[in-house]
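Student: The structure under discussion is supplied below as structure tokens; questions concerning it will follow.
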Amino acid sequence: MGDEVDQPRKIKLVRDLPDKLFRGVASAGGVTVLLIMLLVGTFLALKAAPALHQAGFSFFTTQAWNPDGRHFGVAALLVGTVLIALVAVTIAVPLSTATALYITEYAPGRMKTILIGVIDLMAAIPSVVYGLWGFFFLQSRLAPVAAWIAQHFGWIPIFKVKGVDGHQPISSLTLFTSSTLIAGLVVGMMITPVITSIMREVFSQVPVGEREAALGLGGTKAGVIRTVVLPFGKGGMIGGTMLGLGRALGETIAVYMIISPVFTIQPHILQSGAISVSSLIALQFAESNSFGLSALMAAGLTLFLITLLINFAASSVVARSRSGASS
């Protein structure tokens, strides 16, 4: 007996049939999603290979888009896509944060239910409806505001408009239509419901004990939001913002209906003329020859890779700041 050595008892995990079925379905779903993404990337890479081989590295530095003349690139497309997405996120994130905080912290019961339903309804509206709203309603009303900004703040590079002098009256408001600002504002309204829903879910999961502890120490409602709710929901806020940014980068129809395509780098968000990768594909897909389609696939592959990089970066940030980790 004295020579025996104690050994840890082995525990055998026995799964019943429902558990095995659920595990198999969940695993199959995860593998299927990864497989679909891999197939999409492979398809785009194969279709884009002729254009990328022809253009070489100049594909990423050329502003013009003329596949028939073998002179094309995504420099202007990427700048336009990023600017529209940044305008959209700049508008959507503060609005979404304020709306989510109002619903979870201030809205009475019936008002909360109504607001949640309205936000979910906004998320279900087709993008073409947002595009029509932006083209027929928003554009004419925002042009005078853009003109005022250009006159008074044109010394800031992004607000500068060619042909506009702060000391002279503006001859025509057409300089301010079909701009990056209008397209970004429409896309911002489209991604606001998505970001708001994610933030609202995260804010509603703040532990009641932490709220009561902050209030018991004499904190105000604003203090509780600043010291408890926002730190707890930081990961969800970042995730929601990145999800909205991913949709803003790939938005097609609404941007296509509003912008006036220009194939040069146009950093002035108030000035007429803009372009994005997705709107270019929608604009030229039907009339392109085989090589033109390959060039469009190369542009789509570039956008696909950029979106993946943004999502991977967001996942890394969220993993380091899980909701509640610092609260």
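Ordering of the structure tokens sets the chain letters (A, B, ...), residue numbers begin anew at 1 in every chain, and ligands are numbered from 1 in the order given.
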With only C-alpha atoms as the counted atoms, please give the residues lying no more than 7 Å from Ala64 of chain A, apart from itself and same-chain residues fewer than 3 positions off, as a short mmCIF file (atom, residue, chain, number, x, y, z; two decimals) with N, CA, C and O atoms, in the first residue's frame.

Tutor:
```
data_model
loop_
_atom_site.label_atom_id
_atom_site.label_comp_id
_atom_site.auth_asym_id
_atom_site.auth_seq_id
_atom_site.Cartn_x
_atom_site.Cartn_y
_atom_site.Cartn_z
N HIS A 71 -5.11 51.29 -69.18
CA HIS A 71 -4.64 52.30 -68.22
C HIS A 71 -5.71 52.44 -67.14
O HIS A 71 -6.69 53.15 -67.31
N PHE A 72 -5.53 51.73 -66.04
CA PHE A 72 -6.56 51.72 -65.00
C PHE A 72 -5.91 51.42 -63.65
O PHE A 72 -4.82 50.84 -63.58
N GLY A 73 -6.60 51.83 -62.60
CA GLY A 73 -6.12 51.61 -61.24
C GLY A 73 -7.18 51.99 -60.23
O GLY A 73 -8.23 52.55 -60.56
N PHE A 263 -12.80 60.15 -61.87
CA PHE A 263 -11.71 59.19 -61.70
C PHE A 263 -10.39 59.90 -61.41
O PHE A 263 -9.38 59.68 -62.07
N THR A 264 -10.46 60.79 -60.44
CA THR A 264 -9.27 61.43 -59.90
C THR A 264 -9.43 61.49 -58.38
O THR A 264 -10.56 61.45 -57.87
#
```

Student: Compile the contact shell of Phe203 of chain A as a list in words: residues with an atom at most 8 Å away, counting only C-alpha atoms, same-chain residues fewer than 6 positions apart removed.

Tutor: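 So, after excluding close chain neighbours, the residues are Ala100, Leu101, Thr104, Val229, Leu230, Phe232 and Gly233 of chain A.
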
Student: Quick one: residues within 8 Å of segment 184-188 of chain A, only C-alpha atoms, excluding same-chain residues fewer than 2 positions away - as an MDAnalysis selection string?

Tutor: chainID A and resid 83:92 130:131 134 180:182 190:192 248 251 254:255

Student: So, counting only C-alpha atoms, which residue among A:Ile119, A:Tyr102, A:Ser27, A:Met257 is closest to Phe135 of chain A?

Tutor: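 Counting only C-alpha atoms, the residue closest to Phe135 of chain A is A:Met257.
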
Student: Could you pull the residues within 12 Å of segment 205-217 of chain A, counting only C-alpha atoms, minus those fewer than 5 positions along the same chain, as a list of chain:residue names?

Tutor: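 So the residues in contact are A:Leu101, A:Thr104, A:Glu105, A:Ile198, A:Met199, A:Arg200, A:Ala222, A:Gly223, A:Val224, A:Ile225, A:Arg226, A:Thr227, A:Val228, A:Val229, A:Leu230, A:Pro231, A:Phe232, A:Gly233, A:Lys234, A:Gly236, A:Ser323, A:Gly324, A:Ala325, A:Ser327.
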
Student: Can I get the selection written as a JSON list (two decimals), in the first residue's frame, with N, CA, C and O atoms?

Tutor:
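Listed below is the output, result02.json:
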```
[["chain", "number", "residue", "atom", "x", "y", "z"],
["A", 101, "LEU", "N", -27.92, 55.05, -25.76],
["A", 101, "LEU", "CA", -27.91, 55.46, -24.35],
["A", 101, "LEU", "C", -29.28, 55.97, -23.92],
["A", 101, "LEU", "O", -29.73, 55.69, -22.80],
["A", 104, "THR", "N", -31.63, 52.87, -23.43],
["A", 104, "THR", "CA", -31.33, 52.01, -22.28],
["A", 104, "THR", "C", -31.38, 52.76, -20.94],
["A", 104, "THR", "O", -31.65, 52.14, -19.91],
["A", 105, "GLU", "N", -31.11, 54.06, -20.96],
["A", 105, "GLU", "CA", -30.95, 54.78, -19.69],
["A", 105, "GLU", "C", -32.07, 55.76, -19.37],
["A", 105, "GLU", "O", -32.33, 56.03, -18.20],
["A", 198, "ILE", "N", -26.61, 47.13, -31.93],
["A", 198, "ILE", "CA", -25.52, 46.44, -31.24],
["A", 198, "ILE", "C", -25.18, 47.15, -29.94],
["A", 198, "ILE", "O", -25.04, 46.53, -28.88],
["A", 199, "MET", "N", -25.06, 48.48, -29.99],
["A", 199, "MET", "CA", -24.74, 49.23, -28.77],
["A", 199, "MET", "C", -25.85, 49.09, -27.73],
["A", 199, "MET", "O", -25.57, 48.96, -26.53],
["A", 200, "ARG", "N", -27.09, 49.11, -28.18],
["A", 200, "ARG", "CA", -28.20, 49.00, -27.23],
["A", 200, "ARG", "C", -28.17, 47.65, -26.51],
["A", 200, "ARG", "O", -28.39, 47.58, -25.29],
["A", 222, "ALA", "N", -25.50, 60.68, -15.32],
["A", 222, "ALA", "CA", -24.41, 60.92, -16.27],
["A", 222, "ALA", "C", -23.11, 60.28, -15.78],
["A", 222, "ALA", "O", -22.33, 59.74, -16.56],
["A", 223, "GLY", "N", -22.88, 60.33, -14.48],
["A", 223, "GLY", "CA", -21.69, 59.72, -13.92],
["A", 223, "GLY", "C", -21.69, 58.21, -14.07],
["A", 223, "GLY", "O", -20.65, 57.60, -14.35],
["A", 224, "VAL", "N", -22.86, 57.59, -13.89],
["A", 224, "VAL", "CA", -22.97, 56.14, -14.06],
["A", 224, "VAL", "C", -22.69, 55.76, -15.51],
["A", 224, "VAL", "O", -22.01, 54.76, -15.79],
["A", 225, "ILE", "N", -23.22, 56.54, -16.43],
["A", 225, "ILE", "CA", -22.98, 56.26, -17.85],
["A", 225, "ILE", "C", -21.49, 56.37, -18.17],
["A", 225, "ILE", "O", -20.92, 55.54, -18.87],
["A", 226, "ARG", "N", -20.84, 57.39, -17.61],
["A", 226, "ARG", "CA", -19.44, 57.64, -17.94],
["A", 226, "ARG", "C", -18.51, 56.61, -17.29],
["A", 226, "ARG", "O", -17.53, 56.17, -17.89],
["A", 227, "THR", "N", -18.81, 56.20, -16.07],
["A", 227, "THR", "CA", -17.89, 55.35, -15.33],
["A", 227, "THR", "C", -18.24, 53.86, -15.37],
["A", 227, "THR", "O", -17.38, 53.03, -15.07],
["A", 228, "VAL", "N", -19.47, 53.53, -15.71],
["A", 228, "VAL", "CA", -19.90, 52.12, -15.69],
["A", 228, "VAL", "C", -20.35, 51.65, -17.07],
["A", 228, "VAL", "O", -19.84, 50.67, -17.61],
["A", 229, "VAL", "N", -21.33, 52.35, -17.66],
["A", 229, "VAL", "CA", -21.96, 51.86, -18.89],
["A", 229, "VAL", "C", -20.97, 51.89, -20.06],
["A", 229, "VAL", "O", -20.80, 50.89, -20.76],
["A", 230, "LEU", "N", -20.33, 53.02, -20.28],
["A", 230, "LEU", "CA", -19.43, 53.14, -21.43],
["A", 230, "LEU", "C", -18.21, 52.22, -21.31],
["A", 230, "LEU", "O", -17.83, 51.56, -22.29],
["A", 231, "PRO", "N", -17.54, 52.13, -20.14],
["A", 231, "PRO", "CA", -16.44, 51.16, -20.04],
["A", 231, "PRO", "C", -16.89, 49.72, -20.26],
["A", 231, "PRO", "O", -16.18, 48.93, -20.89],
["A", 232, "PHE", "N", -18.06, 49.37, -19.73],
["A", 232, "PHE", "CA", -18.56, 48.01, -19.92],
["A", 232, "PHE", "C", -18.83, 47.72, -21.39],
["A", 232, "PHE", "O", -18.56, 46.62, -21.88],
["A", 233, "GLY", "N", -19.38, 48.70, -22.10],
["A", 233, "GLY", "CA", -19.78, 48.47, -23.49],
["A", 233, "GLY", "C", -18.73, 48.83, -24.51],
["A", 233, "GLY", "O", -19.05, 48.89, -25.71],
["A", 234, "LYS", "N", -17.48, 49.06, -24.10],
["A", 234, "LYS", "CA", -16.46, 49.51, -25.05],
["A", 234, "LYS", "C", -16.24, 48.51, -26.17],
["A", 234, "LYS", "O", -16.14, 48.88, -27.34],
["A", 236, "GLY", "N", -18.30, 46.23, -27.34],
["A", 236, "GLY", "CA", -19.46, 46.22, -28.23],
["A", 236, "GLY", "C", -19.54, 47.46, -29.10],
["A", 236, "GLY", "O", -19.95, 47.40, -30.26],
["A", 323, "SER", "N", -16.32, 43.57, -23.41],
["A", 323, "SER", "CA", -17.29, 44.36, -22.65],
["A", 323, "SER", "C", -17.26, 43.95, -21.20],
["A", 323, "SER", "O", -17.41, 42.79, -20.85],
["A", 324, "GLY", "N", -17.08, 44.94, -20.35],
["A", 324, "GLY", "CA", -17.07, 44.68, -18.92],
["A", 324, "GLY", "C", -15.72, 44.44, -18.34],
["A", 324, "GLY", "O", -15.55, 44.41, -17.12],
["A", 325, "ALA", "N", -14.69, 44.29, -19.17],
["A", 325, "ALA", "CA", -13.37, 43.96, -18.66],
["A", 325, "ALA", "C", -12.77, 45.08, -17.84],
["A", 325, "ALA", "O", -12.06, 44.84, -16.87],
["A", 327, "SER", "N", -14.72, 47.61, -16.47],
["A", 327, "SER", "CA", -15.72, 48.32, -15.69],
["A", 327, "SER", "C", -15.68, 47.83, -14.24],
["A", 327, "SER", "O", -15.20, 46.75, -13.94]]
```

Student: Find the residues near Leu132 of chain A: any atom within 12 Å, counting only C-alpha atoms, skip ones fewer than 5 places away on the same chain, and give them as a list of chain:residue names.

Tutor: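 Selected residues are A:Ile125, A:Pro126, A:Ser127, A:Phe137, A:Leu138, A:Gln139, A:Ala183, A:Val186, A:Ile253, A:Ala254, A:Val255, A:Tyr256, A:Met257, A:Ile258.
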
Student: How about saving the chosen residues, all heavy atoms kept, as a compact mmCIF listing (two decimals), in the first residue's frame?

Tutor:
```
# COMPACT_ATOMS: atom_id res chain seq x y z
N ILE A 125 -35.12 48.87 -44.21
CA ILE A 125 -35.43 49.66 -45.41
C ILE A 125 -34.39 49.38 -46.49
O ILE A 125 -33.18 49.44 -46.23
CB ILE A 125 -35.46 51.17 -45.07
CG1 ILE A 125 -36.59 51.45 -44.07
CG2 ILE A 125 -35.64 52.01 -46.32
CD1 ILE A 125 -36.65 52.89 -43.61
N PRO A 126 -34.79 49.11 -47.73
CA PRO A 126 -33.82 48.83 -48.80
C PRO A 126 -32.93 50.04 -49.08
O PRO A 126 -33.35 51.19 -48.92
CB PRO A 126 -34.70 48.48 -50.01
CG PRO A 126 -36.03 48.12 -49.43
CD PRO A 126 -36.18 48.92 -48.18
N SER A 127 -31.72 49.76 -49.53
CA SER A 127 -30.77 50.84 -49.79
C SER A 127 -31.23 51.75 -50.91
O SER A 127 -30.90 52.94 -50.94
CB SER A 127 -29.39 50.26 -50.11
OG SER A 127 -29.46 49.41 -51.24
N PHE A 137 -34.53 64.44 -51.96
CA PHE A 137 -34.87 65.26 -50.80
C PHE A 137 -33.65 65.91 -50.16
O PHE A 137 -33.59 67.13 -49.98
CB PHE A 137 -35.60 64.40 -49.75
CG PHE A 137 -35.95 65.15 -48.50
CD1 PHE A 137 -37.08 65.94 -48.44
CD2 PHE A 137 -35.14 65.07 -47.37
CE1 PHE A 137 -37.41 66.65 -47.28
CE2 PHE A 137 -35.46 65.76 -46.21
CZ PHE A 137 -36.59 66.54 -46.18
N LEU A 138 -32.65 65.10 -49.84
CA LEU A 138 -31.53 65.60 -49.05
C LEU A 138 -30.60 66.50 -49.86
O LEU A 138 -30.11 67.51 -49.35
CB LEU A 138 -30.75 64.42 -48.47
CG LEU A 138 -29.58 64.76 -47.55
CD1 LEU A 138 -30.07 65.46 -46.29
CD2 LEU A 138 -28.81 63.49 -47.19
N GLN A 139 -30.37 66.15 -51.12
CA GLN A 139 -29.37 66.85 -51.90
C GLN A 139 -29.68 68.33 -52.05
O GLN A 139 -28.81 69.18 -51.86
CB GLN A 139 -29.26 66.19 -53.28
CG GLN A 139 -28.06 66.62 -54.08
CD GLN A 139 -27.77 65.64 -55.20
OE1 GLN A 139 -26.65 65.17 -55.33
NE2 GLN A 139 -28.76 65.34 -56.02
N ALA A 183 -23.30 61.65 -50.13
CA ALA A 183 -23.27 60.19 -50.16
C ALA A 183 -22.94 59.62 -48.79
O ALA A 183 -23.55 58.63 -48.34
CB ALA A 183 -22.24 59.72 -51.20
N VAL A 186 -25.99 59.85 -46.44
CA VAL A 186 -27.00 58.82 -46.73
C VAL A 186 -26.54 57.46 -46.21
O VAL A 186 -27.31 56.73 -45.56
CB VAL A 186 -27.28 58.76 -48.24
CG1 VAL A 186 -28.17 57.57 -48.58
CG2 VAL A 186 -27.93 60.05 -48.71
N ILE A 253 -25.81 50.74 -54.13
CA ILE A 253 -26.90 51.38 -54.85
C ILE A 253 -27.12 52.83 -54.40
O ILE A 253 -27.25 53.73 -55.23
CB ILE A 253 -28.20 50.57 -54.69
CG1 ILE A 253 -28.01 49.18 -55.31
CG2 ILE A 253 -29.36 51.29 -55.38
CD1 ILE A 253 -27.66 49.20 -56.77
N ALA A 254 -27.15 53.06 -53.09
CA ALA A 254 -27.39 54.42 -52.60
C ALA A 254 -26.30 55.37 -53.07
O ALA A 254 -26.57 56.49 -53.49
CB ALA A 254 -27.47 54.41 -51.07
N VAL A 255 -25.04 54.93 -53.01
CA VAL A 255 -23.93 55.77 -53.47
C VAL A 255 -24.00 55.96 -54.98
O VAL A 255 -23.79 57.07 -55.50
CB VAL A 255 -22.58 55.14 -53.07
CG1 VAL A 255 -21.41 55.96 -53.61
CG2 VAL A 255 -22.48 55.03 -51.55
N TYR A 256 -24.31 54.91 -55.71
CA TYR A 256 -24.41 54.96 -57.17
C TYR A 256 -25.47 55.96 -57.63
O TYR A 256 -25.30 56.65 -58.65
CB TYR A 256 -24.71 53.56 -57.70
CG TYR A 256 -25.07 53.49 -59.16
CD1 TYR A 256 -24.09 53.64 -60.14
CD2 TYR A 256 -26.38 53.26 -59.56
CE1 TYR A 256 -24.43 53.57 -61.48
CE2 TYR A 256 -26.72 53.18 -60.90
CZ TYR A 256 -25.74 53.35 -61.85
OH TYR A 256 -26.07 53.27 -63.18
N MET A 257 -26.56 56.08 -56.89
CA MET A 257 -27.65 56.98 -57.28
C MET A 257 -27.32 58.45 -57.00
O MET A 257 -27.94 59.34 -57.59
CB MET A 257 -28.93 56.59 -56.53
CG MET A 257 -29.48 55.22 -56.90
SD MET A 257 -30.93 54.79 -55.93
CE MET A 257 -32.10 56.01 -56.50
N ILE A 258 -26.38 58.71 -56.12
CA ILE A 258 -26.13 60.08 -55.68
C ILE A 258 -24.91 60.70 -56.34
O ILE A 258 -24.94 61.85 -56.80
CB ILE A 258 -25.98 60.12 -54.15
CG1 ILE A 258 -27.32 59.76 -53.49
CG2 ILE A 258 -25.51 61.49 -53.67
CD1 ILE A 258 -27.23 59.56 -52.01
```

Student: Just to confirm, what's the straight-line distance from atom CA of Leu301 of chain A to atom CA of Met237 of chain A in Å (one decimal)?

Tutor: 27.9 Å

Student: Which residues are close to segment 267-279 of chain A, i.e. within 9 Å by only C-alpha atoms, leaving aside same-chain residues fewer than 5 positions away? Reply as a PyMOL selection string.

Tutor: chain A and resi 74+76-84+87+143+146-147+149-150+157-162+174-183+249-257+259-262+284+296+299-300+302-303
